[in-house]
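Text of coords29.txt, listed as compact mmCIF, C-alpha atoms and all ligand atoms:
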# COMPACT_ATOMS: atom_id res chain seq x y z
CA MET C 222 -29.71 27.02 38.38
CA ASP C 223 -27.06 24.81 39.93
CA ASP C 224 -23.72 25.51 38.28
CA ALA C 225 -22.37 21.99 38.70
CA THR C 226 -21.54 20.46 35.34
CA PRO C 227 -24.06 17.75 34.63
CA ASP C 228 -22.65 14.27 34.86
CA LEU C 229 -24.04 12.87 31.65
CA PHE C 230 -23.49 9.31 32.77
CA GLY C 231 -24.74 9.84 36.28
CA ASP C 232 -27.79 8.48 37.93
CA VAL C 233 -30.44 10.74 36.46
CA PRO C 234 -33.84 9.55 37.62
CA THR C 235 -36.01 8.39 34.80
CA ASN C 236 -39.62 7.47 34.79
CA SER C 237 -39.79 4.02 33.34
CA SER C 238 -42.90 3.00 35.21
CA GLY C 239 -46.42 3.88 34.17
CA PRO C 240 -47.95 4.38 30.75
CA ALA C 241 -45.93 6.28 28.14
CA ARG C 242 -48.94 8.47 27.39
CA MET C 243 -51.58 9.63 29.72
CA ALA C 244 -54.70 11.45 28.56
CA LEU C 245 -55.77 14.20 30.96
CA SER C 246 -58.85 15.32 29.05
CA PRO C 247 -59.71 15.67 25.34
CA GLY C 248 -56.78 17.57 23.78
CA ALA C 249 -54.45 17.16 26.80
CA THR C 250 -51.75 14.50 27.11
CA VAL C 251 -48.75 13.75 29.31
CA LEU C 252 -45.91 12.10 27.37
CA ARG C 253 -43.89 10.27 30.00
CA GLY C 254 -40.11 10.61 29.62
CA PHE C 255 -40.47 12.20 26.19
CA ALA C 256 -37.60 14.65 26.80
CA LEU C 257 -35.16 12.05 28.15
CA PRO C 258 -33.48 11.19 24.83
CA SER C 259 -32.56 14.87 24.28
CA GLN C 260 -32.07 15.85 27.93
CA ALA C 261 -28.32 16.51 27.72
CA ALA C 262 -28.63 18.79 24.69
CA VAL C 263 -31.68 20.51 26.18
CA TRP C 264 -29.85 21.11 29.44
CA GLU C 265 -26.83 22.59 27.67
CA ALA C 266 -29.04 24.92 25.59
CA LEU C 267 -30.92 25.94 28.72
CA ARG C 268 -27.67 27.00 30.39
CA ASP C 269 -26.81 29.14 27.36
CA VAL C 270 -30.23 30.83 27.41
CA ALA C 271 -29.99 31.50 31.16
CA ALA C 272 -26.49 32.94 30.74
CA ALA C 273 -27.73 35.36 28.05
CA ALA C 274 -31.02 36.22 29.82
CA PRO C 275 -30.71 35.51 33.56
CA PHE C 276 -33.65 34.19 35.60
CA ARG C 277 -35.41 36.83 37.69
CA HIS C 278 -38.51 37.01 39.86
CA MET C 279 -41.04 39.22 38.12
CA ALA C 280 -43.78 41.15 39.88
CA THR C 281 -47.47 40.46 39.36
CA PRO C 282 -49.62 43.38 38.15
CA GLY C 283 -50.74 43.69 41.79
CA GLY C 284 -47.14 44.15 42.96
CA LEU C 285 -46.45 40.71 44.44
CA ARG C 286 -43.13 38.98 43.75
CA MET C 287 -43.72 35.77 41.81
CA SER C 288 -42.37 32.69 43.57
CA VAL C 289 -41.04 31.28 40.30
CA ALA C 290 -38.02 32.87 38.63
CA SER C 291 -38.35 33.18 34.86
CA THR C 292 -36.65 33.90 31.60
CA SER C 293 -37.57 33.37 27.96
CA CYS C 294 -36.21 32.66 24.53
CA GLY C 295 -37.69 33.13 21.08
CA THR C 296 -38.90 36.17 19.16
CA CYS C 297 -40.79 37.41 22.22
CA GLY C 298 -40.94 36.63 25.93
CA TRP C 299 -43.66 36.59 28.57
CA VAL C 300 -43.34 39.47 31.03
CA SER C 301 -45.27 40.65 34.04
CA ASP C 302 -45.10 43.95 35.89
CA HIS C 303 -47.40 46.71 37.16
CA ARG C 304 -48.58 47.23 33.57
CA GLY C 305 -49.92 43.68 33.34
CA TYR C 306 -49.07 40.35 31.72
CA ARG C 307 -47.94 40.40 28.10
CA TYR C 308 -45.42 39.26 25.53
CA ASP C 309 -42.61 41.63 24.68
CA ALA C 310 -40.00 41.43 21.90
CA ALA C 311 -37.47 42.97 24.33
CA ASN C 312 -36.17 41.61 27.61
CA PRO C 313 -36.97 44.41 30.10
CA GLU C 314 -33.78 43.59 32.04
CA SER C 315 -31.47 44.26 29.11
CA GLY C 316 -33.65 46.26 26.73
CA GLY C 317 -32.43 43.94 23.97
CA PRO C 318 -33.94 40.93 22.23
CA TRP C 319 -34.44 37.58 23.96
CA PRO C 320 -32.00 34.78 23.10
CA GLY C 321 -33.12 32.83 20.05
CA MET C 322 -35.00 29.58 20.47
CA PRO C 323 -32.39 26.77 20.48
CA ALA C 324 -32.94 24.24 17.68
CA VAL C 325 -33.07 21.40 20.19
CA PHE C 326 -35.92 23.15 22.07
CA LEU C 327 -37.92 23.71 18.90
CA GLU C 328 -37.45 20.15 17.72
CA LEU C 329 -38.52 18.69 21.05
CA ALA C 330 -41.63 20.90 21.20
CA ARG C 331 -42.60 20.13 17.61
CA GLU C 332 -42.17 16.39 18.07
CA ALA C 333 -44.13 16.34 21.33
CA ALA C 334 -46.95 18.35 19.76
CA ALA C 335 -47.07 16.01 16.75
CA VAL C 336 -47.17 12.87 18.91
CA ALA C 337 -50.02 14.44 20.89
CA GLY C 338 -51.95 15.10 17.68
CA PHE C 339 -50.94 18.67 16.79
CA ASP C 340 -48.97 18.66 13.54
CA GLY C 341 -47.10 21.70 12.22
CA TYR C 342 -46.55 23.36 15.61
CA GLN C 343 -44.63 26.64 15.30
CA PRO C 344 -44.02 28.08 18.77
CA ASP C 345 -42.40 31.51 18.77
CA THR C 346 -41.56 31.68 22.48
CA CYS C 347 -40.49 29.46 25.34
CA LEU C 348 -41.03 30.63 28.92
CA ILE C 349 -38.56 29.01 31.29
CA ASN C 350 -39.74 28.86 34.89
CA ARG C 351 -37.43 27.91 37.73
CA TYR C 352 -39.23 26.69 40.84
CA GLU C 353 -37.24 26.60 44.03
CA VAL C 354 -38.58 24.50 46.93
CA GLY C 355 -41.95 25.99 47.94
CA ALA C 356 -42.49 27.84 44.66
CA ARG C 357 -45.85 27.32 42.98
CA LEU C 358 -48.15 28.50 40.25
CA THR C 359 -51.75 29.09 41.24
CA LEU C 360 -54.57 27.99 38.93
CA HIS C 361 -54.64 30.12 35.79
CA GLN C 362 -55.38 30.01 32.07
CA ASP C 363 -52.75 30.73 29.42
CA LYS C 364 -54.54 33.48 27.56
CA ASN C 365 -52.05 36.26 26.89
CA GLU C 366 -51.36 34.71 23.48
CA ARG C 367 -53.03 35.99 20.31
CA ASP C 368 -53.18 32.45 19.00
CA PHE C 369 -55.40 29.91 20.78
CA GLN C 370 -55.27 27.50 17.82
CA SER C 371 -51.80 26.28 18.71
CA PRO C 372 -51.21 24.01 21.69
CA ILE C 373 -49.07 24.61 24.76
CA VAL C 374 -46.14 22.25 25.26
CA SER C 375 -44.53 22.09 28.70
CA VAL C 376 -41.33 20.15 29.48
CA SER C 377 -40.60 19.20 33.12
CA LEU C 378 -36.99 19.06 34.29
CA GLY C 379 -35.39 18.59 37.70
CA LEU C 380 -37.45 18.02 40.84
CA PRO C 381 -40.88 16.40 40.55
CA ALA C 382 -44.07 18.44 40.70
CA VAL C 383 -47.76 17.97 41.19
CA PHE C 384 -49.48 19.55 38.20
CA LEU C 385 -53.05 20.68 38.70
CA TRP C 386 -55.26 20.01 35.70
CA GLY C 387 -58.45 21.97 36.09
CA GLY C 388 -61.50 22.59 33.98
CA ALA C 389 -62.99 25.45 32.01
CA GLN C 390 -63.93 27.28 35.22
CA ARG C 391 -61.58 28.23 38.01
CA SER C 392 -63.93 26.53 40.47
CA ASP C 393 -63.72 23.13 38.70
CA ARG C 394 -61.93 20.67 40.94
CA PRO C 395 -58.49 19.93 39.40
CA LEU C 396 -56.89 16.54 38.80
CA ARG C 397 -53.50 16.10 40.50
CA VAL C 398 -50.89 14.76 38.10
CA SER C 399 -47.33 13.87 39.11
CA LEU C 400 -44.75 15.14 36.66
CA VAL C 401 -41.11 14.05 36.80
CA HIS C 402 -37.92 14.97 34.98
CA GLY C 403 -38.37 14.35 31.26
CA ASP C 404 -42.17 14.35 31.16
CA VAL C 405 -43.81 16.56 28.54
CA THR C 406 -47.38 17.85 28.82
CA VAL C 407 -49.28 19.03 25.72
CA TRP C 408 -52.65 20.79 25.77
CA GLY C 409 -54.52 22.29 22.84
CA GLY C 410 -57.79 22.26 20.93
CA PRO C 411 -60.64 21.76 23.43
CA ALA C 412 -58.10 21.83 26.31
CA ARG C 413 -56.29 25.01 25.27
CA LEU C 414 -57.93 27.31 27.83
CA ARG C 415 -58.24 24.87 30.72
CA PHE C 416 -57.17 26.12 34.13
CA HIS C 417 -53.90 24.62 35.38
CA GLY C 418 -51.26 25.18 38.04
CA VAL C 419 -48.40 23.67 40.02
CA LEU C 420 -48.49 22.82 43.75
CA PRO C 421 -45.58 24.04 45.92
CA ILE C 422 -42.44 22.10 45.00
CA ARG C 423 -41.29 19.73 47.70
CA GLU C 424 -37.77 19.46 49.03
CA GLY C 425 -35.38 17.27 47.12
CA ARG C 426 -32.30 17.24 44.97
CA HIS C 427 -31.94 16.46 41.33
CA PRO C 428 -28.45 15.64 39.97
CA TRP C 429 -28.63 18.33 37.29
CA ALA C 430 -31.06 20.90 38.58
CA GLY C 431 -30.19 20.76 42.29
CA ALA C 432 -33.07 21.80 44.55
CA CYS C 433 -35.15 23.12 41.65
CA ARG C 434 -37.76 22.23 39.12
CA ILE C 435 -37.47 23.89 35.73
CA SER C 436 -40.24 23.94 33.16
CA LEU C 437 -39.95 24.96 29.53
CA THR C 438 -43.32 26.15 28.30
CA PHE C 439 -43.67 26.63 24.55
CA ARG C 440 -46.34 28.83 23.06
CA LYS C 441 -47.29 30.55 19.86
CA ALA C 442 -47.90 34.01 21.21
CA GLY C 443 -48.14 36.19 18.13
C1 LIG L 501 -47.32 27.17 33.07
O1 LIG L 501 -48.44 26.98 33.47
O2 LIG L 501 -47.06 28.15 32.39
C2 LIG L 501 -46.21 26.21 33.41
C3 LIG L 501 -46.68 24.90 33.85
C4 LIG L 501 -45.54 24.04 34.32
O3 LIG L 501 -44.67 24.51 35.05
O4 LIG L 501 -45.51 22.84 33.99
FE FE2 L 502 -49.76 28.24 32.33
What do you get writing this file as structure tokens?
Ligand code: SIN
Ligand code: FE2
Amino acid sequence: MDDATPDLFGDVPTNSSGPARMALSPGATVLRGFALPSQAAVWEALRDVAAAAPFRHMATPGGLRMSVASTSCGTCGWVSDHRGYRYDAANPESGGPWPGMPAVFLELAREAAAVAGFDGYQPDTCLINRYEVGARLTLHQDKNERDFQSPIVSVSLGLPAVFLWGGAQRSDRPLRVSLVHGDVTVWGGPARLRFHGVLPIREGRHPWAGACRISLTFRKAG
């Protein structure tokens, strides 16, 4: 992450055009600009989490270095290595617990879930992915969680991205959805196991995040 102190009164791009809510498929919604009102507090909390549990590039089970750098907060964190993908109560880098979920994260995730139709959301983990220019996430399902009843909530910060919204099968042709700083995507119920991904991030500069996109992805894992 860029270490420059965010200029809270600076020219942070917002997304005032387009509908405030966009349905992707039954159970999946993009809430445009939903994180903007809390962006300063979210950004500050994010810096604290990253200071306590630094971003690192994990390896896939097949031994490839992931192009996104990641960290987590909450009672467990998503990890990947030669043993596979899983959630672990300990951060393998430190051997200790992950930083706690900041209250401002939890509140944002709960509010977004409720607005999208999922009341009572109780995520126990937030995976924070940092995408440098060129980093991507190939089509996948989120299925390392024990709980598929709860939705996924994903907050986009920094550089824009093209989110791929696929179907129930990997071969289903995905929709391409532009996500910008402050957008929040929620998918649950019939959409919970849909394939999704992120196209390689294009060059650019965001006043807070620099040449990066950061996503906060909330899940109930346990
Ligand atoms: C994810 O699929 O886990 C993250 C999606 C995103 O970066 O928006
Ligand atoms: Fe995912």
(request) Show which residues sit within 8 Å of range 373-380 of chain C, as a PyMOL selection string. Count all atoms listed in the file, and ignore same-chain residues fewer than 6 positions away. (result) chain C and resi 256+330+333-334+400-409+413+422+425-441
If you take all atoms listed in the file and a cut-off of 8 Å, which residues of chain C touch ligand FE2 502 (chain L), and what are their nearest atom pairs and distances in Å to one decimal, in chain and number order, as CSV?
residue,atom,partner,partner_atom,distance
C:His361,CA,L:FE2_502,FE,6.3
C:Gln362,CA,L:FE2_502,FE,5.9
C:Asp363,CA,L:FE2_502,FE,4.9
C:Phe416,CA,L:FE2_502,FE,7.9
C:His417,CA,L:FE2_502,FE,6.3
C:Gly418,CA,L:FE2_502,FE,6.6
C:Thr438,CA,L:FE2_502,FE,7.9
Can you tell me, as AutoDock Vina command-line options, the centre and edge lengths (Å, one decimal) of the axis-aligned box enclosing all of ligand LIG 501 (chain L)'s listed atoms after padding each side by 5 Å?
--center_x -46.6 --center_y 25.5 --center_z 33.7 --size_x 13.8 --size_y 15.3 --size_z 12.7
(message) Which residues are close to Leu267 in chain C, i.e. within 12 Å by only C-alpha atoms, leaving aside same-chain residues fewer than 3 positions away? Reply as number ranges by chain.
(response) C: 222-224, 260-264, 270-276, 292-294, 320-326, 347-351, 376, 378, 429-430, 435-437
Any chance you could export the current selection's C-alpha atoms as a PDB file, keeping the file's coordinate frame?
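This went into part.pdb:
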ATOM      1  CA  MET C 222     -29.710  27.020  38.380  1.00  0.00           C
ATOM      2  CA  ASP C 223     -27.060  24.810  39.930  1.00  0.00           C
ATOM      3  CA  ASP C 224     -23.720  25.510  38.280  1.00  0.00           C
ATOM      4  CA  GLN C 260     -32.070  15.850  27.930  1.00  0.00           C
ATOM      5  CA  ALA C 261     -28.320  16.510  27.720  1.00  0.00           C
ATOM      6  CA  ALA C 262     -28.630  18.790  24.690  1.00  0.00           C
ATOM      7  CA  VAL C 263     -31.680  20.510  26.180  1.00  0.00           C
ATOM      8  CA  TRP C 264     -29.850  21.110  29.440  1.00  0.00           C
ATOM      9  CA  VAL C 270     -30.230  30.830  27.410  1.00  0.00           C
ATOM     10  CA  ALA C 271     -29.990  31.500  31.160  1.00  0.00           C
ATOM     11  CA  ALA C 272     -26.490  32.940  30.740  1.00  0.00           C
ATOM     12  CA  ALA C 273     -27.730  35.360  28.050  1.00  0.00           C
ATOM     13  CA  ALA C 274     -31.020  36.220  29.820  1.00  0.00           C
ATOM     14  CA  PRO C 275     -30.710  35.510  33.560  1.00  0.00           C
ATOM     15  CA  PHE C 276     -33.650  34.190  35.600  1.00  0.00           C
ATOM     16  CA  THR C 292     -36.650  33.900  31.600  1.00  0.00           C
ATOM     17  CA  SER C 293     -37.570  33.370  27.960  1.00  0.00           C
ATOM     18  CA  CYS C 294     -36.210  32.660  24.530  1.00  0.00           C
ATOM     19  CA  PRO C 320     -32.000  34.780  23.100  1.00  0.00           C
ATOM     20  CA  GLY C 321     -33.120  32.830  20.050  1.00  0.00           C
ATOM     21  CA  MET C 322     -35.000  29.580  20.470  1.00  0.00           C
ATOM     22  CA  PRO C 323     -32.390  26.770  20.480  1.00  0.00           C
ATOM     23  CA  ALA C 324     -32.940  24.240  17.680  1.00  0.00           C
ATOM     24  CA  VAL C 325     -33.070  21.400  20.190  1.00  0.00           C
ATOM     25  CA  PHE C 326     -35.920  23.150  22.070  1.00  0.00           C
ATOM     26  CA  CYS C 347     -40.490  29.460  25.340  1.00  0.00           C
ATOM     27  CA  LEU C 348     -41.030  30.630  28.920  1.00  0.00           C
ATOM     28  CA  ILE C 349     -38.560  29.010  31.290  1.00  0.00           C
ATOM     29  CA  ASN C 350     -39.740  28.860  34.890  1.00  0.00           C
ATOM     30  CA  ARG C 351     -37.430  27.910  37.730  1.00  0.00           C
ATOM     31  CA  VAL C 376     -41.330  20.150  29.480  1.00  0.00           C
ATOM     32  CA  LEU C 378     -36.990  19.060  34.290  1.00  0.00           C
ATOM     33  CA  TRP C 429     -28.630  18.330  37.290  1.00  0.00           C
ATOM     34  CA  ALA C 430     -31.060  20.900  38.580  1.00  0.00           C
ATOM     35  CA  ILE C 435     -37.470  23.890  35.730  1.00  0.00           C
ATOM     36  CA  SER C 436     -40.240  23.940  33.160  1.00  0.00           C
ATOM     37  CA  LEU C 437     -39.950  24.960  29.530  1.00  0.00           C
TER      38      LEU C 437
END
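Proximity of C:Pro381, C:Pro411, C:Gly388, C:Pro395 to ligand LIG 501 (chain L), computed with only C-alpha atoms and all ligand atoms, is greatest for C:Pro381.
Proximity of C:Pro344, C:Pro313, C:Gly284, C:Gly254 to Asp368 in chain C, computed with all atoms listed in the file, is greatest for C:Pro344.
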(request) Using all atoms listed in the file, pick whichever of C:Leu329, C:Met243, C:Ala310, C:Val300 has the shortest atom-to-atom distance to ligand LIG 501 (chain L). (result)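 Closest to ligand LIG 501 (chain L) of all the choices is C:Val300.
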(request) Quick one: pull the distance between CA of Thr250 in chain C and CA of Leu420 in chain C, Å, one decimal. (result)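 It comes out at 18.9 Å.
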(request) Return the single residue from C:Thr296, C:Ser259, C:Thr346, C:Ser315 that is closest to ligand LIG 501 (chain L), with distances computed using only C-alpha atoms and all ligand atoms. (result)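 Checking each of C:Thr296, C:Ser259, C:Thr346, C:Ser315 against ligand LIG 501 (chain L), counting only C-alpha atoms and all ligand atoms, the winner is C:Thr346.
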(message) Considering only C-alpha atoms, can you say which of C:Val419, C:Val251, C:Leu285, C:Leu396 comes closest to Val383 in chain C?
(response)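 Result for the nearest residue to Val383 in chain C: C:Val419.
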(request) For each of C:Thr359, C:Thr281, C:Ser246, C:Leu252, take the minimum atom-to-atom distance to Ser399 in chain C, counting all atoms listed in the file, then give the residue where this is smallest. (result)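 Closest residue, counting all atoms listed in the file: C:Leu252.
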(request) Could you please determine the separation between CA of Glu366 in chain C and CA of Gly387 in chain C in Å, to one decimal place? (result)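 Value for the CA of Glu366 in chain C-CA of Gly387 in chain C distance: 19.3 Å.
When CA of Leu358 in chain C is paired with CA of Gly338 in chain C, their separation reads 26.5 Å.
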